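See structure below.
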There are 2 protein chains.
Amino acid sequence: MKSYSIAIVFLFTFFVSLCLEQTEKPAIKEDFKPSTLNQPGQEYPQVNSQGYARFRIVAPSADSVRISLGLGGRGGTKLAKAADGSWMGTTEGPMDEGFHYYRIYVDGGAFNDPGTLNFYGSTRWESGIEIPAHDQDFYALKDVPHGNVQQVLFPSKSTNTSRRAFVYTPPGYYENTSTRYPVLYLQHGWGEDETAWSNQGHANLIMDNLIAEGKIKPFIIVMTYGMTNEIRREAGGLRNFDIKPFQTVLLDELIPYVDKNFRTLANQANRAMAGLSMGGMETKTITLNNPEVFSYYGLLSGGTYAPADIKDKSKVKLVFLSCGSKERPDGVKNAAAALKEAGFNAVSYVSEGTAHEFQTWRRSLYQLAPLLFKN
Amino acid sequence: MKSYSIAIVFLFTFFVSLCLEQTEKPAIKEDFKPSTLNQPGQEYPQVNSQGYARFRIVAPSADSVRISLGLGGRGGTKLAKAADGSWMGTTEGPMDEGFHYYRIYVDGGAFNDPGTLNFYGSTRWESGIEIPAHDQDFYALKDVPHGNVQQVLFPSKSTNTSRRAFVYTPPGYYENTSTRYPVLYLQHGWGEDETAWSNQGHANLIMDNLIAEGKIKPFIIVMTYGMTNEIRREAGGLRNFDIKPFQTVLLDELIPYVDKNFRTLANQANRAMAGLSMGGMETKTITLNNPEVFSYYGLLSGGTYAPADIKDKSKVKLVFLSCGSKERPDGVKNAAAALKEAGFNAVSYVSEGTAHEFQTWRRSLYQLAPLLFKN
């Protein structure tokens with residue numbers, strides 16, 4: 001009987017572990033397709049319908065090739081030499097939906113994947129991959145009227161140079177020459193720059209689609225560099241970050257330039273500021289320092305406001321707080337509840353199944369835009 | 001006497017070869033500075049005042065690192081392991097002034113240099129380096145009013161998608177709301193795309209500076225993708241290139257879109273087309289096919305027109321032909337002379353000391369712009 005029960009226990013354990021194994025690692029479906037962010041004609045990296053990513057790097061004489069992307073704490077994805085001499089490998093599990101930065105390590109050196117486009121993040125141009133999301137329709141390029149994204153070079157006395165901003169003007173801007181528009185100032189995160197919201201975030205396509213569906217009142221978006229990369233060079237990092245240089249550029253130089261050169265509704269009631277991550281911290285500081293400039297505030301994975309932070313309740317038309325469900329959703333929910341309790345128009349949004357990444361922020365912008373410039 | 005004269009000959013030969021050696025390879029000045037195209041905070045690649053380029057790549061376990069850039073036919077620049085474990089090396093000689101594409105080879109794999117920005121060329125995003133030119137002032141970012149470069153997504157029925165173009169609008173475009181402007185349609189070369197003229201070419205800064213100095217009448221520039229990358233995939237390559245798909249996009253879709261959405265002077269007298277290299281071939285074919293659309297023609301390192309090519313002389317206000325002195329300058333000079341002889345307003349320009357590269361084309365645009373829209 002003993003050996004029998006041991007065999008039972010063994011078999012039971014075997015089947016349980018088999019089931020667990022299957023739960024953790026379902027069979028990988030061989031329906032891999034090139035990522036939508038690949039360079040023209042490039043077959044790799046690829047993504048399958050489950051969200052696994054597969055990489056192929058040509059480096060015939062290399063001793064090791066590794067991808068920084070992969071499941072947390074496991075050091076990314078190691079590639080192995082394939083029959084044709086290239087290096088190939090697949091992530092250990094499915095990735096979260098949406099956009100991810102990554103880099104490759106070839107014999108210990110960090111490079112970009114030659115197969116895919118580059119995106120500015122972590123203070124450098126990084127490789128990017130797109131895991132198709134179930135809700136990707138809201139930022140898809142569709143056959144609808146498109147707004148323009150234009151590079152402006154605005155004079156900045158405080159930094160003694162011409163600085164770059166990107167301005168989204170909604171479709172119809174050039175035809176409706178008497179219409180004036182509200183403006184959202186929208187900031188990127190640490191290590192990113194003014195290209196992030198268009199390139200990684202598809203902010204322009206999100207707007208085009210919302211406008212085409214009649215879900216929002218058209219407005220202008222202005223995106224400039226938040227001068228956040230410098231933080232790494234300062235002793236103490238974030239704690240010593242001085243908001244003043246960027247606040248000066250934004251308030252004394254960029255906003256007057258935009259109000260002069262674009263058909264804006266140039267007043268507090270028609271001006272919003274929002275930012276992601278580090279850009280949220282900037283948004284919080286600048287909106288609280290300057291209650292007469294903005295009336296709509298948005299922090300996307302970028303902290304919260306407490307009711308006591310805001311001196312004059314009548315000046316604030318909206319406080320929008322968001323993050324991914326894999327961040328700290330209770331933080332934004334509780335903060336929004338406290339603000340509501342105190343009589344503010346506060347809204348929280350949690351992006352399901354995403355972390356501190358651009359899919360959270362694409363969805364956040366999609367949620368925020370219809371709430372702006374309503375009052 | 002014999003041994004004496006042999007010694008003389010030997011010494012003479014020795015000194016001559018010494019002089020030649022010095023002429024070919026002057027001592028390398030150790031005044032290297034980061035290339036102006038480096039990513040933020042990156043020290044390498046560097047360039048010295050003589051035009052030498054120095055590279056540094058971190059790849060501790062690599063067996064070989066090579067840079068594609070270098071003197072002709074010598075396989076580029078091989079890097080050697082430095083004391084700190086990085087790979088370093090300097091070009092064997094000075095490079096031509098201006099912009100150069102390059103890539104790095106790490107253990108046989110082609111990658112981009114993580115130190116520098118990427119530019120779309122050779123149908124991929126390539127590394128770029130800038131050798132300061134004696135005349136770089138004309139494309140420098142200065143404290144002058146700046147025009148905007150805006151991304152437009154225009155509907156294209158023939159290709160069943162929204163296509164991207166970049167539109168340069170001169171400074172004052174938004175203030176002078178009744179002014180209408182002529183338009184230059186400006187094409188990139190093979191393997192490049194619609195980003196090339198702004199990123200590599202600094203077309204916007206060239207225009208801003210010319211306008212600030214009162215040297216040109218402001219005009220709009222439109223840059224879109226010439227659909228030239230597909231050539232590599234066709235059997236027979238260039239010979240089998242069909243101009244029709246691009247001609248349809250340009251004439252039937254983009255020009256009507258631009259004329260509707262921008263304040264253009266929408267007629268042949270105020271429309272120019274120019275292109276570099278492969279874009280010159282496109283310009284030639286399209287202008288000759290459609291004499292009623294453009295009146296100014298420019299081929300930059302992109303071939304020539306013969307007088308017999310042009311049916312109706314009265315329709316052409318300018319033929320501009322250019323190339324670098326290291327290309328075939330006699331070709332453009334002779335072609336322009338033949339056109340003049342035949343009664344055309346033809347101008348040739350040769351960029352001194354440059355080859356089939358962007359410094360030739362920056363200078364060509366600088367020469368071409370003041371000649372446009374004069375009549």
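Chain identifiers are assigned as A, B, and so on, following the order in which chains appear in the structure tokens; residues are numbered from 1 within each chain, and ligands are numbered from 1 in order of appearance.
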Return as a Markdown table the residues of chain B lying at most 7 Å from chain A, together with the closest atom-to-atom pair for each and the distance in Å to one decimal, counting only C-alpha atoms, with rows in chain order and ascending residue number.
| residue | atom | partner | partner_atom | distance |
| --- | --- | --- | --- | --- |
| B:Gln39 | CA | A:Arg124 | CA | 6.6 |
| B:Val58 | CA | A:Gly109 | CA | 5.2 |
| B:Ala59 | CA | A:Gly109 | CA | 3.8 |
| B:Pro60 | CA | A:Gly108 | CA | 5.6 |
| B:Ser61 | CA | A:Asp107 | CA | 4.7 |
| B:Ala62 | CA | A:Asp107 | CA | 5.2 |
| B:Val106 | CA | A:Ala59 | CA | 7.0 |
| B:Asp107 | CA | A:Ser61 | CA | 4.7 |
| B:Gly108 | CA | A:Ala59 | CA | 5.2 |
| B:Gly109 | CA | A:Ala59 | CA | 3.8 |
| B:Phe111 | CA | A:Pro114 | CA | 6.0 |
| B:Asn112 | CA | A:Asn112 | CA | 6.9 |
| B:Pro114 | CA | A:Phe111 | CA | 6.0 |
| B:Arg124 | CA | A:Gln39 | CA | 6.6 |
| B:Asp143 | CA | A:Ser162 | CA | 6.8 |
| B:His146 | CA | A:Leu153 | CA | 6.0 |
| B:Asn148 | CA | A:Val152 | CA | 5.0 |
| B:Val149 | CA | A:Gln151 | CA | 5.1 |
| B:Gln150 | CA | A:Gln150 | CA | 3.5 |
| B:Gln151 | CA | A:Val149 | CA | 5.1 |
| B:Val152 | CA | A:Asn148 | CA | 5.0 |
| B:Leu153 | CA | A:His146 | CA | 6.0 |
| B:Ser162 | CA | A:Asp143 | CA | 6.8 |
| B:Tyr174 | CA | A:Asn261 | CA | 5.9 |
| B:Glu175 | CA | A:Asn261 | CA | 6.8 |
| B:Asn261 | CA | A:Tyr174 | CA | 5.9 |
| B:Phe262 | CA | A:Tyr174 | CA | 6.9 |
Emit the selected residues as a compact mmCIF listing (two decimals), in the first residue's frame, including C-alpha atoms.
# COMPACT_ATOMS: atom_id res chain seq x y z
CA GLN B 39 22.89 62.05 -28.48
CA VAL B 58 31.69 49.89 -25.50
CA ALA B 59 31.51 46.13 -26.16
CA PRO B 60 33.78 44.52 -23.57
CA SER B 61 33.63 40.94 -24.87
CA ALA B 62 33.63 41.64 -28.60
CA VAL B 106 30.38 44.38 -33.86
CA ASP B 107 31.52 40.80 -34.35
CA GLY B 108 30.13 40.88 -37.86
CA GLY B 109 26.71 42.32 -37.03
CA PHE B 111 24.46 48.19 -35.59
CA ASN B 112 24.19 51.90 -34.98
CA PRO B 114 24.81 54.37 -29.53
CA ARG B 124 17.28 52.05 -42.62
CA ASP B 143 18.46 83.83 -33.28
CA HIS B 146 11.96 80.41 -37.49
CA ASN B 148 7.73 75.59 -38.79
CA VAL B 149 8.13 72.06 -40.12
CA GLN B 150 4.86 70.27 -39.81
CA GLN B 151 3.86 66.69 -40.33
CA VAL B 152 0.71 66.34 -42.38
CA LEU B 153 -1.10 63.06 -43.00
CA SER B 162 -2.89 58.27 -45.14
CA TYR B 174 0.66 82.56 -39.16
CA GLU B 175 0.66 86.31 -38.75
CA ASN B 261 -4.83 73.26 -46.64
CA PHE B 262 -2.11 75.87 -47.03
**Request:** Among the residues of stretch 86-319 of chain A, find those DSSP assigns to strand (DSSP E or B) from the backbone and print them as a ChimeraX atom specification.
**Result:** /A:87-90,98-102,104-106,109-111,116,118-121,124-131,148-156,161-169,181,183-187,220-224,264,271-276,296-300,318-319
**Message:** I want to know what sits within 12 Å of A:Phe219, based on only C-alpha atoms, with residues of the same chain fewer than 5 positions away left out; could you give that as an MDAnalysis selection string?
**Reply:** chainID A and resid 147 167:173 179:185 204 207:208 210:211 262:265 270:272 369:374
**Item:** Spatial neighbours of A:Phe344, 9 Å, only C-alpha atoms, chain gap at least 5 places, as a ChimeraX atom specification
**Value:** /A:307,313-314,316-319,336,338-339
Store the residues picked out above, limited to all heavy atoms, as a PDB file, in the first residue's frame.
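Wrote it out as again01.pdb, contents follow:
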ATOM      1  N   PRO A 307      -6.329  67.791  -1.264  1.00  0.00           N
ATOM      2  CA  PRO A 307      -7.172  68.993  -1.255  1.00  0.00           C
ATOM      3  C   PRO A 307      -6.434  70.207  -0.695  1.00  0.00           C
ATOM      4  O   PRO A 307      -6.586  71.321  -1.207  1.00  0.00           O
ATOM      5  CB  PRO A 307      -8.341  68.585  -0.354  1.00  0.00           C
ATOM      6  CG  PRO A 307      -8.429  67.099  -0.503  1.00  0.00           C
ATOM      7  CD  PRO A 307      -7.022  66.624  -0.677  1.00  0.00           C
ATOM      8  N   LYS A 313     -10.079  76.852  -4.659  1.00  0.00           N
ATOM      9  CA  LYS A 313     -10.853  75.804  -5.326  1.00  0.00           C
ATOM     10  C   LYS A 313     -11.534  76.311  -6.607  1.00  0.00           C
ATOM     11  O   LYS A 313     -11.682  75.579  -7.587  1.00  0.00           O
ATOM     12  CB  LYS A 313     -11.922  75.291  -4.360  1.00  0.00           C
ATOM     13  CG  LYS A 313     -12.439  73.908  -4.680  1.00  0.00           C
ATOM     14  CD  LYS A 313     -13.593  73.521  -3.758  1.00  0.00           C
ATOM     15  CE  LYS A 313     -13.127  73.405  -2.312  1.00  0.00           C
ATOM     16  NZ  LYS A 313     -14.246  73.055  -1.397  1.00  0.00           N
ATOM     17  N   SER A 314     -11.926  77.555  -6.623  1.00  0.00           N
ATOM     18  CA  SER A 314     -12.704  78.091  -7.742  1.00  0.00           C
ATOM     19  C   SER A 314     -11.880  78.197  -9.031  1.00  0.00           C
ATOM     20  O   SER A 314     -12.428  78.338 -10.117  1.00  0.00           O
ATOM     21  CB  SER A 314     -13.239  79.474  -7.375  1.00  0.00           C
ATOM     22  OG  SER A 314     -12.184  80.417  -7.337  1.00  0.00           O
ATOM     23  N   VAL A 316      -9.915  75.835 -10.197  1.00  0.00           N
ATOM     24  CA  VAL A 316      -9.606  74.524 -10.787  1.00  0.00           C
ATOM     25  C   VAL A 316     -10.870  73.887 -11.342  1.00  0.00           C
ATOM     26  O   VAL A 316     -11.816  73.614 -10.606  1.00  0.00           O
ATOM     27  CB  VAL A 316      -8.985  73.589  -9.722  1.00  0.00           C
ATOM     28  CG1 VAL A 316      -8.555  72.275 -10.367  1.00  0.00           C
ATOM     29  CG2 VAL A 316      -7.804  74.271  -9.054  1.00  0.00           C
ATOM     30  N   LYS A 317     -10.874  73.616 -12.631  1.00  0.00           N
ATOM     31  CA  LYS A 317     -12.061  73.025 -13.246  1.00  0.00           C
ATOM     32  C   LYS A 317     -12.030  71.503 -13.266  1.00  0.00           C
ATOM     33  O   LYS A 317     -13.066  70.869 -13.375  1.00  0.00           O
ATOM     34  CB  LYS A 317     -12.210  73.549 -14.675  1.00  0.00           C
ATOM     35  CG  LYS A 317     -12.525  75.044 -14.714  1.00  0.00           C
ATOM     36  CD  LYS A 317     -12.882  75.461 -16.109  1.00  0.00           C
ATOM     37  CE  LYS A 317     -13.283  76.920 -16.148  1.00  0.00           C
ATOM     38  NZ  LYS A 317     -13.423  77.378 -17.544  1.00  0.00           N
ATOM     39  N   LEU A 318     -10.832  70.945 -13.243  1.00  0.00           N
ATOM     40  CA  LEU A 318     -10.714  69.481 -13.269  1.00  0.00           C
ATOM     41  C   LEU A 318      -9.362  69.053 -12.713  1.00  0.00           C
ATOM     42  O   LEU A 318      -8.344  69.645 -13.035  1.00  0.00           O
ATOM     43  CB  LEU A 318     -10.828  68.959 -14.715  1.00  0.00           C
ATOM     44  CG  LEU A 318     -10.563  67.453 -14.906  1.00  0.00           C
ATOM     45  CD1 LEU A 318     -11.721  66.606 -14.375  1.00  0.00           C
ATOM     46  CD2 LEU A 318     -10.310  67.125 -16.386  1.00  0.00           C
ATOM     47  N   VAL A 319      -9.405  68.004 -11.889  1.00  0.00           N
ATOM     48  CA  VAL A 319      -8.177  67.306 -11.523  1.00  0.00           C
ATOM     49  C   VAL A 319      -8.326  65.865 -11.999  1.00  0.00           C
ATOM     50  O   VAL A 319      -9.253  65.156 -11.591  1.00  0.00           O
ATOM     51  CB  VAL A 319      -7.923  67.325  -9.997  1.00  0.00           C
ATOM     52  CG1 VAL A 319      -6.658  66.526  -9.668  1.00  0.00           C
ATOM     53  CG2 VAL A 319      -7.793  68.754  -9.483  1.00  0.00           C
ATOM     54  N   ALA A 336      -8.402  60.952  -5.628  1.00  0.00           N
ATOM     55  CA  ALA A 336      -9.532  61.549  -6.340  1.00  0.00           C
ATOM     56  C   ALA A 336     -10.764  61.593  -5.432  1.00  0.00           C
ATOM     57  O   ALA A 336     -11.517  62.581  -5.432  1.00  0.00           O
ATOM     58  CB  ALA A 336      -9.827  60.761  -7.616  1.00  0.00           C
ATOM     59  N   ALA A 338     -10.778  61.827  -2.180  1.00  0.00           N
ATOM     60  CA  ALA A 338     -10.577  62.896  -1.193  1.00  0.00           C
ATOM     61  C   ALA A 338     -10.836  64.270  -1.810  1.00  0.00           C
ATOM     62  O   ALA A 338     -11.415  65.156  -1.174  1.00  0.00           O
ATOM     63  CB  ALA A 338      -9.161  62.818  -0.625  1.00  0.00           C
ATOM     64  N   LEU A 339     -10.414  64.434  -3.054  1.00  0.00           N
ATOM     65  CA  LEU A 339     -10.629  65.717  -3.737  1.00  0.00           C
ATOM     66  C   LEU A 339     -12.120  65.951  -3.974  1.00  0.00           C
ATOM     67  O   LEU A 339     -12.638  67.054  -3.774  1.00  0.00           O
ATOM     68  CB  LEU A 339      -9.876  65.738  -5.079  1.00  0.00           C
ATOM     69  CG  LEU A 339      -8.349  65.914  -4.982  1.00  0.00           C
ATOM     70  CD1 LEU A 339      -7.671  65.501  -6.289  1.00  0.00           C
ATOM     71  CD2 LEU A 339      -7.985  67.365  -4.642  1.00  0.00           C
TER      72      LEU A 339
END
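Atom to atom, atom CA of B:Leu365 and atom CA of B:Met95 stand 21.9 Å apart.
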**Computed interatomic separation between atom CA of A:Ala342 and atom CA of A:Phe320 (Å)** =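 Interatomic distance, atom CA of A:Ala342 to atom CA of A:Phe320: 14.8 Å.
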**Request:** Return the single residue from A:Glu192, A:Glu292, A:Asp84, A:Glu213 that is closest to A:Leu276, with distances computed using only C-alpha atoms.
**Result:**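 Checking each candidate against A:Leu276, we get A:Glu192 as the closest.
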**Request:** Mind listing the helix (DSSP H, G or I) residues of stretch 94-320 of chain B, per DSSP on the backbone, as a PyMOL selection string?
**Result:** chain B and resi 136-139+196-199+203-212+229-233+237-240+244-261+268-270+278-289+307-309+313-315
**Item:** Contact residues around stretch 322-325 of chain B with only C-alpha atoms at 8 Å, ignoring same-chain residues under 4 positions, as a PyMOL selection string
**Value:** chain B and resi 299-302+329+332+348-356+360-361+364
Write out as a PDB file with all heavy atoms, in the first residue's frame the residues lying within 9 Å of A:Tyr52, counting only C-alpha atoms and excluding same-chain residues fewer than 6 positions away.
ATOM      1  N   ILE A  28       3.222  28.216 -26.798  1.00  0.00           N
ATOM      2  CA  ILE A  28       3.432  29.441 -27.578  1.00  0.00           C
ATOM      3  C   ILE A  28       2.848  29.243 -28.968  1.00  0.00           C
ATOM      4  O   ILE A  28       3.222  28.304 -29.676  1.00  0.00           O
ATOM      5  CB  ILE A  28       4.929  29.783 -27.658  1.00  0.00           C
ATOM      6  CG1 ILE A  28       5.467  30.055 -26.248  1.00  0.00           C
ATOM      7  CG2 ILE A  28       5.159  30.979 -28.567  1.00  0.00           C
ATOM      8  CD1 ILE A  28       6.942  30.394 -26.200  1.00  0.00           C
ATOM      9  N   LYS A  29       1.908  30.122 -29.333  1.00  0.00           N
ATOM     10  CA  LYS A  29       1.302  30.019 -30.666  1.00  0.00           C
ATOM     11  C   LYS A  29       2.272  30.534 -31.719  1.00  0.00           C
ATOM     12  O   LYS A  29       2.841  31.605 -31.576  1.00  0.00           O
ATOM     13  CB  LYS A  29       0.011  30.848 -30.713  1.00  0.00           C
ATOM     14  CG  LYS A  29      -1.121  30.228 -29.938  1.00  0.00           C
ATOM     15  CD  LYS A  29      -2.432  30.983 -30.195  1.00  0.00           C
ATOM     16  CE  LYS A  29      -3.508  30.508 -29.231  1.00  0.00           C
ATOM     17  NZ  LYS A  29      -4.595  31.501 -29.087  1.00  0.00           N
ATOM     18  N   PHE A  32       3.500  34.376 -35.079  1.00  0.00           N
ATOM     19  CA  PHE A  32       4.302  35.594 -34.943  1.00  0.00           C
ATOM     20  C   PHE A  32       4.263  36.443 -36.220  1.00  0.00           C
ATOM     21  O   PHE A  32       4.336  35.908 -37.327  1.00  0.00           O
ATOM     22  CB  PHE A  32       5.753  35.244 -34.614  1.00  0.00           C
ATOM     23  CG  PHE A  32       5.951  34.796 -33.199  1.00  0.00           C
ATOM     24  CD1 PHE A  32       5.810  33.452 -32.856  1.00  0.00           C
ATOM     25  CD2 PHE A  32       6.258  35.719 -32.205  1.00  0.00           C
ATOM     26  CE1 PHE A  32       5.989  33.037 -31.544  1.00  0.00           C
ATOM     27  CE2 PHE A  32       6.436  35.309 -30.894  1.00  0.00           C
ATOM     28  CZ  PHE A  32       6.290  33.961 -30.555  1.00  0.00           C
ATOM     29  N   GLN A  46       9.363  40.175 -33.767  1.00  0.00           N
ATOM     30  CA  GLN A  46       8.005  39.739 -34.063  1.00  0.00           C
ATOM     31  C   GLN A  46       7.210  39.585 -32.761  1.00  0.00           C
ATOM     32  O   GLN A  46       7.792  39.470 -31.681  1.00  0.00           O
ATOM     33  CB  GLN A  46       8.037  38.398 -34.802  1.00  0.00           C
ATOM     34  CG  GLN A  46       8.742  38.494 -36.151  1.00  0.00           C
ATOM     35  CD  GLN A  46       8.542  37.268 -37.019  1.00  0.00           C
ATOM     36  OE1 GLN A  46       8.208  36.191 -36.513  1.00  0.00           O
ATOM     37  NE2 GLN A  46       8.728  37.431 -38.315  1.00  0.00           N
ATOM     38  N   THR A  90      12.872  34.089 -27.673  1.00  0.00           N
ATOM     39  CA  THR A  90      11.494  34.520 -27.429  1.00  0.00           C
ATOM     40  C   THR A  90      11.362  34.842 -25.941  1.00  0.00           C
ATOM     41  O   THR A  90      11.976  34.161 -25.114  1.00  0.00           O
ATOM     42  CB  THR A  90      10.525  33.383 -27.818  1.00  0.00           C
ATOM     43  OG1 THR A  90      10.796  32.994 -29.164  1.00  0.00           O
ATOM     44  CG2 THR A  90       9.069  33.809 -27.705  1.00  0.00           C
ATOM     45  N   THR A  91      10.582  35.861 -25.616  1.00  0.00           N
ATOM     46  CA  THR A  91      10.386  36.199 -24.201  1.00  0.00           C
ATOM     47  C   THR A  91       9.809  34.991 -23.461  1.00  0.00           C
ATOM     48  O   THR A  91       9.084  34.182 -24.034  1.00  0.00           O
ATOM     49  CB  THR A  91       9.422  37.395 -24.045  1.00  0.00           C
ATOM     50  OG1 THR A  91       8.230  37.140 -24.788  1.00  0.00           O
ATOM     51  CG2 THR A  91      10.052  38.685 -24.543  1.00  0.00           C
ATOM     52  N   GLU A  92      10.121  34.907 -22.172  1.00  0.00           N
ATOM     53  CA  GLU A  92       9.676  33.745 -21.384  1.00  0.00           C
ATOM     54  C   GLU A  92       8.164  33.710 -21.205  1.00  0.00           C
ATOM     55  O   GLU A  92       7.586  32.670 -20.902  1.00  0.00           O
ATOM     56  CB  GLU A  92      10.324  33.785 -20.003  1.00  0.00           C
ATOM     57  CG  GLU A  92      11.736  33.244 -20.005  1.00  0.00           C
ATOM     58  CD  GLU A  92      12.279  33.173 -18.595  1.00  0.00           C
ATOM     59  OE1 GLU A  92      11.546  32.748 -17.678  1.00  0.00           O
ATOM     60  OE2 GLU A  92      13.428  33.569 -18.405  1.00  0.00           O
ATOM     61  N   GLY A  93       7.546  34.876 -21.315  1.00  0.00           N
ATOM     62  CA  GLY A  93       6.096  34.936 -21.163  1.00  0.00           C
ATOM     63  C   GLY A  93       5.543  36.058 -22.005  1.00  0.00           C
ATOM     64  O   GLY A  93       6.301  36.774 -22.669  1.00  0.00           O
ATOM     65  N   PRO A  94       4.206  36.222 -22.005  1.00  0.00           N
ATOM     66  CA  PRO A  94       3.616  37.321 -22.757  1.00  0.00           C
ATOM     67  C   PRO A  94       3.939  38.664 -22.104  1.00  0.00           C
ATOM     68  O   PRO A  94       4.033  38.760 -20.888  1.00  0.00           O
ATOM     69  CB  PRO A  94       2.110  37.042 -22.698  1.00  0.00           C
ATOM     70  CG  PRO A  94       1.910  35.921 -21.741  1.00  0.00           C
ATOM     71  CD  PRO A  94       3.232  35.399 -21.291  1.00  0.00           C
ATOM     72  N   MET A  95       4.107  39.675 -22.930  1.00  0.00           N
ATOM     73  CA  MET A  95       4.373  41.031 -22.445  1.00  0.00           C
ATOM     74  C   MET A  95       3.047  41.764 -22.271  1.00  0.00           C
ATOM     75  O   MET A  95       2.050  41.416 -22.900  1.00  0.00           O
ATOM     76  CB  MET A  95       5.204  41.798 -23.475  1.00  0.00           C
ATOM     77  CG  MET A  95       6.482  41.095 -23.924  1.00  0.00           C
ATOM     78  SD  MET A  95       7.710  40.990 -22.603  1.00  0.00           S
ATOM     79  CE  MET A  95       7.880  42.719 -22.187  1.00  0.00           C
ATOM     80  N   ILE A 131       3.256  45.617 -28.619  1.00  0.00           N
ATOM     81  CA  ILE A 131       2.442  44.418 -28.410  1.00  0.00           C
ATOM     82  C   ILE A 131       0.996  44.837 -28.677  1.00  0.00           C
ATOM     83  O   ILE A 131       0.454  45.690 -27.965  1.00  0.00           O
ATOM     84  CB  ILE A 131       2.570  43.904 -26.953  1.00  0.00           C
ATOM     85  CG1 ILE A 131       4.047  43.755 -26.541  1.00  0.00           C
ATOM     86  CG2 ILE A 131       1.802  42.588 -26.781  1.00  0.00           C
ATOM     87  CD1 ILE A 131       4.848  42.733 -27.288  1.00  0.00           C
TER      88      ILE A 131
END
**Message:** Let me make sure I understand: among A:Val65, A:Ile206, A:Ala140, A:Ala308, which one has the smallest atom-to-atom distance to A:Ile221 if we use only C-alpha atoms?
**Reply:**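 Closest residue, counting only C-alpha atoms: A:Ile206.
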